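A.B. asks: One structure, pasted below without further comment.
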There are 2 protein chains.
Amino acid sequence: MTEDLLAFIDQTVDDAIQDLGRLIALPSVAAKGEHMEETAQLVAEMLRGVGSETKIHETSGCPVVTGEIDVGAERTLLCYDHYDVQPAEPFDLWESPPFEMSVRGDRIYGRGVADNKGDFVTRLWAVKAFQETGTEIPVNLKFVVEGEEEISSPHLYEFVEDNREWLKADGGIWEFGGSGIDGKQEAWLGLKGILYVQLEVEALSHDAHSSLACVLPSAASRLVWALSSLKGADEHIMIDDFYDGIKPLTHAELEALSIIEMREEDVKKHYGITSFILGLEGDELKERYYNGPTCNICGIDTGYQGEGSKTVLPAKATAKIDFRLVEGMDPDTVLKGLRIHLDQHGFSDVKIAWHEGYPAAKTPVGHPFVELVSKANEEVFGHRLTLQPTSPGSGPLYLFDALVPMVSIGCGDFESRAHSPNETILIDNFQKTIKRMVVLIEMMKDY
Amino acid sequence: MTEDLLAFIDQTVDDAIQDLGRLIALPSVAAKGEHMEETAQLVAEMLRGVGSETKIHETSGCPVVTGEIDVGAERTLLCYDHYDVQPAEPFDLWESPPFEMSVRGDRIYGRGVADNKGDFVTRLWAVKAFQETGTEIPVNLKFVVEGEEEISSPHLYEFVEDNREWLKADGGIWEFGGSGIDGKQEAWLGLKGILYVQLEVEALSHDAHSSLACVLPSAASRLVWALSSLKGADEHIMIDDFYDGIKPLTHAELEALSIIEMREEDVKKHYGITSFILGLEGDELKERYYNGPTCNICGIDTGYQGEGSKTVLPAKATAKIDFRLVEGMDPDTVLKGLRIHLDQHGFSDVKIAWHEGYPAAKTPVGHPFVELVSKANEEVFGHRLTLQPTSPGSGPLYLFDALVPMVSIGCGDFESRAHSPNETILIDNFQKTIKRMVVLIEMMKDY
């Protein structure tokens, strides 16, 4: 029976790619809040297309779309995806327009193909394979597709609070994943938390001629000094008590890590660097990757940025900062610590204009559902999943923590450039990811 | 005779403003190198229009336009202007399009009306007044109009070297000026030097997902740390030997300063600040204004600057910095010092992508030509010029140092917002500035 399903996938992969193209064509950049309703509608339409009962749940932000196929089975599998994407800037670095899907060689390009519209489509097409081949779906299926993942899911909690019972499931597939630098499929069992803030300084009521920098205050300098006070060249984050309460990696996690090959030289080559921060390598590098919080500058905007020179003393300067948080850290505490730090270091003029965030969460490495997903992977990809105790990235996994054990797998790969120009996936991975989902659904009935 | 001239100016001021509008309509932003030839041609046409012999001198950059009216007189007056303007960004802060001159109330708006297309037009219309009223021009007149003043005049020296003899004159009017915060006309007798640099850091071959900031280097942080190393919150510039050799203000300059009223409270109100840098006031503030070098951030560009959040680790970061230099400082020495400073502080990865600049220069406060210009001012504005030993701004005055004593006066005012959005001049100042030029030309014959 599974063979029919797999054959169907081989025959229809081009149609599945076209389906993905429809989603890519909608520039649903949550940060800009454009095309969100329209994309939610398309997601609902696509969910209805595979026979699921669909609902659009309004929140204070973008709606959450759910789908449900209740076959009256004992087991339930839930998928979490998101229909929003990261901004596509800088546009000029894209080799094809970000919001027009492009297939070139063995790859698919477009904003969201990897993160995470591609994954969502693979999950839909797994269901379609059952339906189109007349195969009975052996487990209940639930889909949660939100629209604010890329802006730290500020309103998903509203939906989760209202639907806690409905959300309970025996296993869940989280949004993203794929093959690592060694070409092997990875499962991400946890996600770091995040605190994203926008810092703003307004030192003057309007821009001044830069000759007046001899006497007038500089917003750009104020911001630069404030940022320097947060983290110096030793990479130590200087907010008081920032590292307090961090939960060390468990024995089981360290064991999982011991078999992970970081391929340091390949990663360095990929990013064109000669060393990691602080010259880290080996276990220290791993420790930092899996359990290190960050304070990262996502952007700084001040003054003139065009060609050549402009002699201006800019009135205003802004910075976007993300803190990645590990287990044991709380975004509210970090936010308070940040404000206190700025005030204590003489930067009361540096405003925290807005913030968003949530804590970290993990599914235990030894959970039986993890083992099941790994077996399904082996059927299709021929190898066990590499178990990553956590991703260095973030997601609102904490909201599902007590409701469903989540494993994050997907159709990306090491070259996918999520969040960057020329985001891409391999057609082969896309196709096999649909198959893996079919196999997982089949296996889940005996779970 | 002068009365005929002044009456002509009163009658034709609207035509003069329309003439200015033709120049404003050409967005001759030197930093972008657009419309430069076209603007040079219009300047030449306008110079020919007042009967001057006109030449367009090619340089390695934008051409220098000269005009000459040789009446065989004993005395020669030279005017230095520039046809280039500062970039108009940020466009959204302009109340009317920057390159469409707009007259609203008692003011004229547009990029370049104050700096310095407006001044150039007042000088042309002074000559026109003589011609249209059939009045003999009593001195030889020379015009030098360059196209790269706003990008530190990198090629003007080529023109000056080739034309040293021609440039000799008994007095010169420098490009800009106007009324100060007290409404009184000012003359700027000197200009600070400048070193403008673009700093660039490329830490990665391409942008990465910000989750990887736990192990990958950050270009933005590298830049922030480098900038912090250049100048701290005490405003002290930390390049070795930066302040060495600075020439203190002379007795005559200090005397001139003693009668200048800084109107600290009004300036603070204008810029919406409660104090100047370091809480400076009184003589210390004056000292800093007239003889203080700067290290100012004109712009920083890195990562995402759009709405909301984007979680990215930007591959690259750039900053535009201008150092204002006072007498005794040399831009080449500062440039070398900057490179050494960056290297010694571990910032060899911070590249100085390009630079431009020149040293400071001054006309002595007691020069008789200064007195002559002040008398001409009194005739029209009813008060003596406030003599400013130097502007805090910069210009290539040093090139003319041994050739002609320069005094900078113009049609601007304290609200002119040069280099900023909504650049503006008062119609009344514009009109009187034409008249002052007429009177100066008349007075010069007896100089």
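Lettering and numbering for the structure tokens are positional, with chains as A, B, ... in the shown order, residues counted from 1 in each chain, and ligands counted from 1 in the shown order.
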Based on DSSP run over this structure's backbone, return all residues of range 222-370 of chain B in alpha helix (DSSP H), as an mmCIF file with C-alpha atoms, in the first residue's frame.
C.D. replies:
data_model
loop_
_atom_site.group_PDB
_atom_site.id
_atom_site.type_symbol
_atom_site.label_atom_id
_atom_site.label_comp_id
_atom_site.auth_asym_id
_atom_site.auth_seq_id
_atom_site.Cartn_x
_atom_site.Cartn_y
_atom_site.Cartn_z
ATOM 1 C CA ARG B 222 32.996 44.591 15.050
ATOM 2 C CA LEU B 223 32.053 47.998 13.659
ATOM 3 C CA VAL B 224 30.377 49.130 16.890
ATOM 4 C CA TRP B 225 33.433 48.149 18.910
ATOM 5 C CA ALA B 226 35.780 49.882 16.461
ATOM 6 C CA LEU B 227 33.674 53.062 16.587
ATOM 7 C CA SER B 228 33.602 52.941 20.381
ATOM 8 C CA SER B 229 37.378 52.664 20.393
ATOM 9 C CA LEU B 230 37.650 55.897 18.389
ATOM 10 C CA HIS B 251 44.665 87.058 20.460
ATOM 11 C CA ALA B 252 42.801 88.824 17.654
ATOM 12 C CA GLU B 253 40.529 85.804 17.163
ATOM 13 C CA LEU B 254 39.800 85.562 20.880
ATOM 14 C CA GLU B 255 38.960 89.253 20.853
ATOM 15 C CA ALA B 256 36.560 88.735 17.949
ATOM 16 C CA LEU B 257 35.002 85.832 19.832
ATOM 17 C CA SER B 258 34.588 87.843 23.015
ATOM 18 C CA GLU B 264 23.120 79.027 24.069
ATOM 19 C CA GLU B 265 19.511 78.784 25.215
ATOM 20 C CA ASP B 266 18.147 79.566 21.760
ATOM 21 C CA VAL B 267 20.444 77.032 20.101
ATOM 22 C CA LYS B 268 19.440 74.379 22.620
ATOM 23 C CA LYS B 269 15.789 75.124 21.995
ATOM 24 C CA HIS B 270 16.306 74.954 18.231
ATOM 25 C CA TYR B 271 17.767 71.453 18.463
ATOM 26 C CA GLY B 282 30.397 79.898 27.893
ATOM 27 C CA ASP B 283 34.031 80.200 26.828
ATOM 28 C CA GLU B 284 34.604 76.445 26.845
ATOM 29 C CA LEU B 285 31.711 75.970 24.444
ATOM 30 C CA LYS B 286 33.089 78.729 22.186
ATOM 31 C CA GLU B 287 36.572 77.217 22.227
ATOM 32 C CA ARG B 288 35.119 73.867 21.179
ATOM 33 C CA TYR B 289 32.962 75.433 18.475
ATOM 34 C CA TYR B 290 35.732 77.497 16.901
ATOM 35 C CA ASN B 291 38.772 75.349 17.520
ATOM 36 C CA PRO B 331 44.146 65.065 7.040
ATOM 37 C CA ASP B 332 46.821 62.645 5.785
ATOM 38 C CA THR B 333 48.308 62.389 9.271
ATOM 39 C CA VAL B 334 44.871 61.759 10.789
ATOM 40 C CA LEU B 335 44.153 59.108 8.142
ATOM 41 C CA LYS B 336 47.405 57.312 8.947
ATOM 42 C CA GLY B 337 46.675 57.637 12.659
ATOM 43 C CA LEU B 338 43.203 56.163 12.152
ATOM 44 C CA ARG B 339 44.612 53.116 10.346
ATOM 45 C CA ILE B 340 47.263 52.604 13.039
ATOM 46 C CA HIS B 341 44.624 53.020 15.773
ATOM 47 C CA LEU B 342 42.325 50.415 14.206
ATOM 48 C CA ASP B 343 45.193 47.960 13.737
ATOM 49 C CA GLN B 344 46.523 48.470 17.254
ATOM 50 C CA PRO B 368 41.339 95.321 5.446
ATOM 51 C CA PHE B 369 39.140 93.446 2.960
ATOM 52 C CA VAL B 370 37.170 92.080 5.918
#
A.B. asks: Which residues of chain A sit at most 7 Å from chain B, using only C-alpha atoms? Give each one's shortest atom pair and distance in Å (one decimal place), in chain and ascending residue order, as a tab-separated table.
C.D. replies:
residue	atom	partner	partner_atom	distance
A:Ala31	CA	B:Gly308	CA	4.5
A:Lys32	CA	B:Glu307	CA	5.9
A:Gln86	CA	B:Lys310	CA	6.3
A:Pro87	CA	B:Lys310	CA	6.7
A:Ile151	CA	B:Ser309	CA	5.9
A:Leu204	CA	B:Tyr271	CA	5.3
A:Ser205	CA	B:Gly272	CA	5.1
A:His206	CA	B:Tyr271	CA	6.6
A:Asp207	CA	B:Ser420	CA	5.9
A:Ala208	CA	B:Ser420	CA	6.5
A:His209	CA	B:His419	CA	5.8
A:Ser211	CA	B:Gly393	CA	4.7
A:Leu212	CA	B:Pro392	CA	6.6
A:Ala213	CA	B:Asn296	CA	6.2
A:Cys214	CA	B:Thr294	CA	5.6
A:Val215	CA	B:Ile277	CA	5.5
A:Leu216	CA	B:Phe276	CA	5.4
A:Pro217	CA	B:Ile277	CA	5.4
A:Ala220	CA	B:Ile297	CA	6.3
A:Ser221	CA	B:Ile297	CA	6.9
A:Val224	CA	B:Val224	CA	5.6
A:Trp225	CA	B:Ser228	CA	6.0
A:Ser228	CA	B:Trp225	CA	6.0
A:Tyr271	CA	B:Ser205	CA	5.2
A:Gly272	CA	B:Ser205	CA	5.1
A:Ile273	CA	B:Leu204	CA	6.3
A:Phe276	CA	B:Leu216	CA	5.4
A:Ile277	CA	B:Pro217	CA	5.4
A:Arg288	CA	B:Cys214	CA	6.1
A:Tyr289	CA	B:Cys214	CA	5.8
A:Gly292	CA	B:Cys214	CA	6.2
A:Pro293	CA	B:Cys214	CA	6.8
A:Thr294	CA	B:Cys214	CA	5.6
A:Asn296	CA	B:Ala213	CA	6.2
A:Ile297	CA	B:Ala220	CA	6.3
A:Cys298	CA	B:Val312	CA	5.1
A:Gly299	CA	B:Gly303	CA	4.0
A:Ile300	CA	B:Thr302	CA	5.4
A:Asp301	CA	B:Asp301	CA	5.8
A:Thr302	CA	B:Gly299	CA	5.2
A:Gly303	CA	B:Gly299	CA	4.0
A:Tyr304	CA	B:Gly299	CA	4.6
A:Gln305	CA	B:Gly299	CA	5.8
A:Glu307	CA	B:Lys32	CA	5.9
A:Gly308	CA	B:Ala31	CA	4.6
A:Ser309	CA	B:Ala31	CA	5.7
A:Lys310	CA	B:Gln86	CA	6.3
A:Thr311	CA	B:Cys298	CA	6.0
A:Val312	CA	B:Cys298	CA	5.1
A:Leu313	CA	B:Cys298	CA	5.6
A:Pro314	CA	B:Cys298	CA	6.5
A:Asp322	CA	B:Thr311	CA	6.9
A:Arg324	CA	B:Ser211	CA	6.9
A:Pro392	CA	B:Ser211	CA	5.1
A:Gly393	CA	B:Ser211	CA	4.7
A:Ala418	CA	B:His209	CA	6.6
A:His419	CA	B:His209	CA	5.8
A:Ser420	CA	B:Asp207	CA	5.9
A.B. asks: Set the distance at 7 Å and use only C-alpha atoms: which residues neighbour Leu189 in chain B once local chain neighbours fewer than 3 positions away are removed? I'd like the list as a ChimeraX atom specification.
C.D. replies: /B:362-363,365,388-390,406-408
A.B. asks: Can you list, as a list in words, every protein, DNA or RNA residue that comes within 12 Å of Asp15 in chain B when you count only C-alpha atoms, leaving out same-chain residues fewer than 5 positions away?
C.D. replies: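 Those residues are Phe8, Ile9, Asp10, Leu20, Gly21, Arg22, Val121, Thr122, Trp125, Lys128 and Gln431 of chain B.
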A.B. asks: If you keep C-alpha atoms, can you produce a file of those selected residues as a compact mmCIF listing (two decimals), in the first residue's frame?
C.D. replies:
# COMPACT_ATOMS: atom_id res chain seq x y z
CA PHE B 8 16.15 97.33 -9.93
CA ILE B 9 16.76 94.59 -7.38
CA ASP B 10 13.48 95.36 -5.60
CA LEU B 20 17.28 80.03 -8.55
CA GLY B 21 14.44 77.60 -9.27
CA ARG B 22 16.15 76.53 -12.52
CA VAL B 121 22.28 83.53 -7.87
CA THR B 122 22.52 86.61 -5.62
CA TRP B 125 21.89 89.26 -10.01
CA LYS B 128 22.78 91.94 -13.73
CA GLN B 431 17.07 90.22 -1.78
A.B. asks: Of the candidates A:Trp94, A:Phe242, A:Tyr80, A:Phe381, which one gets nearest to Pro405 in chain A if we count only C-alpha atoms?
C.D. replies: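 Answer, going by the shortest atom-to-atom distance: A:Tyr80.
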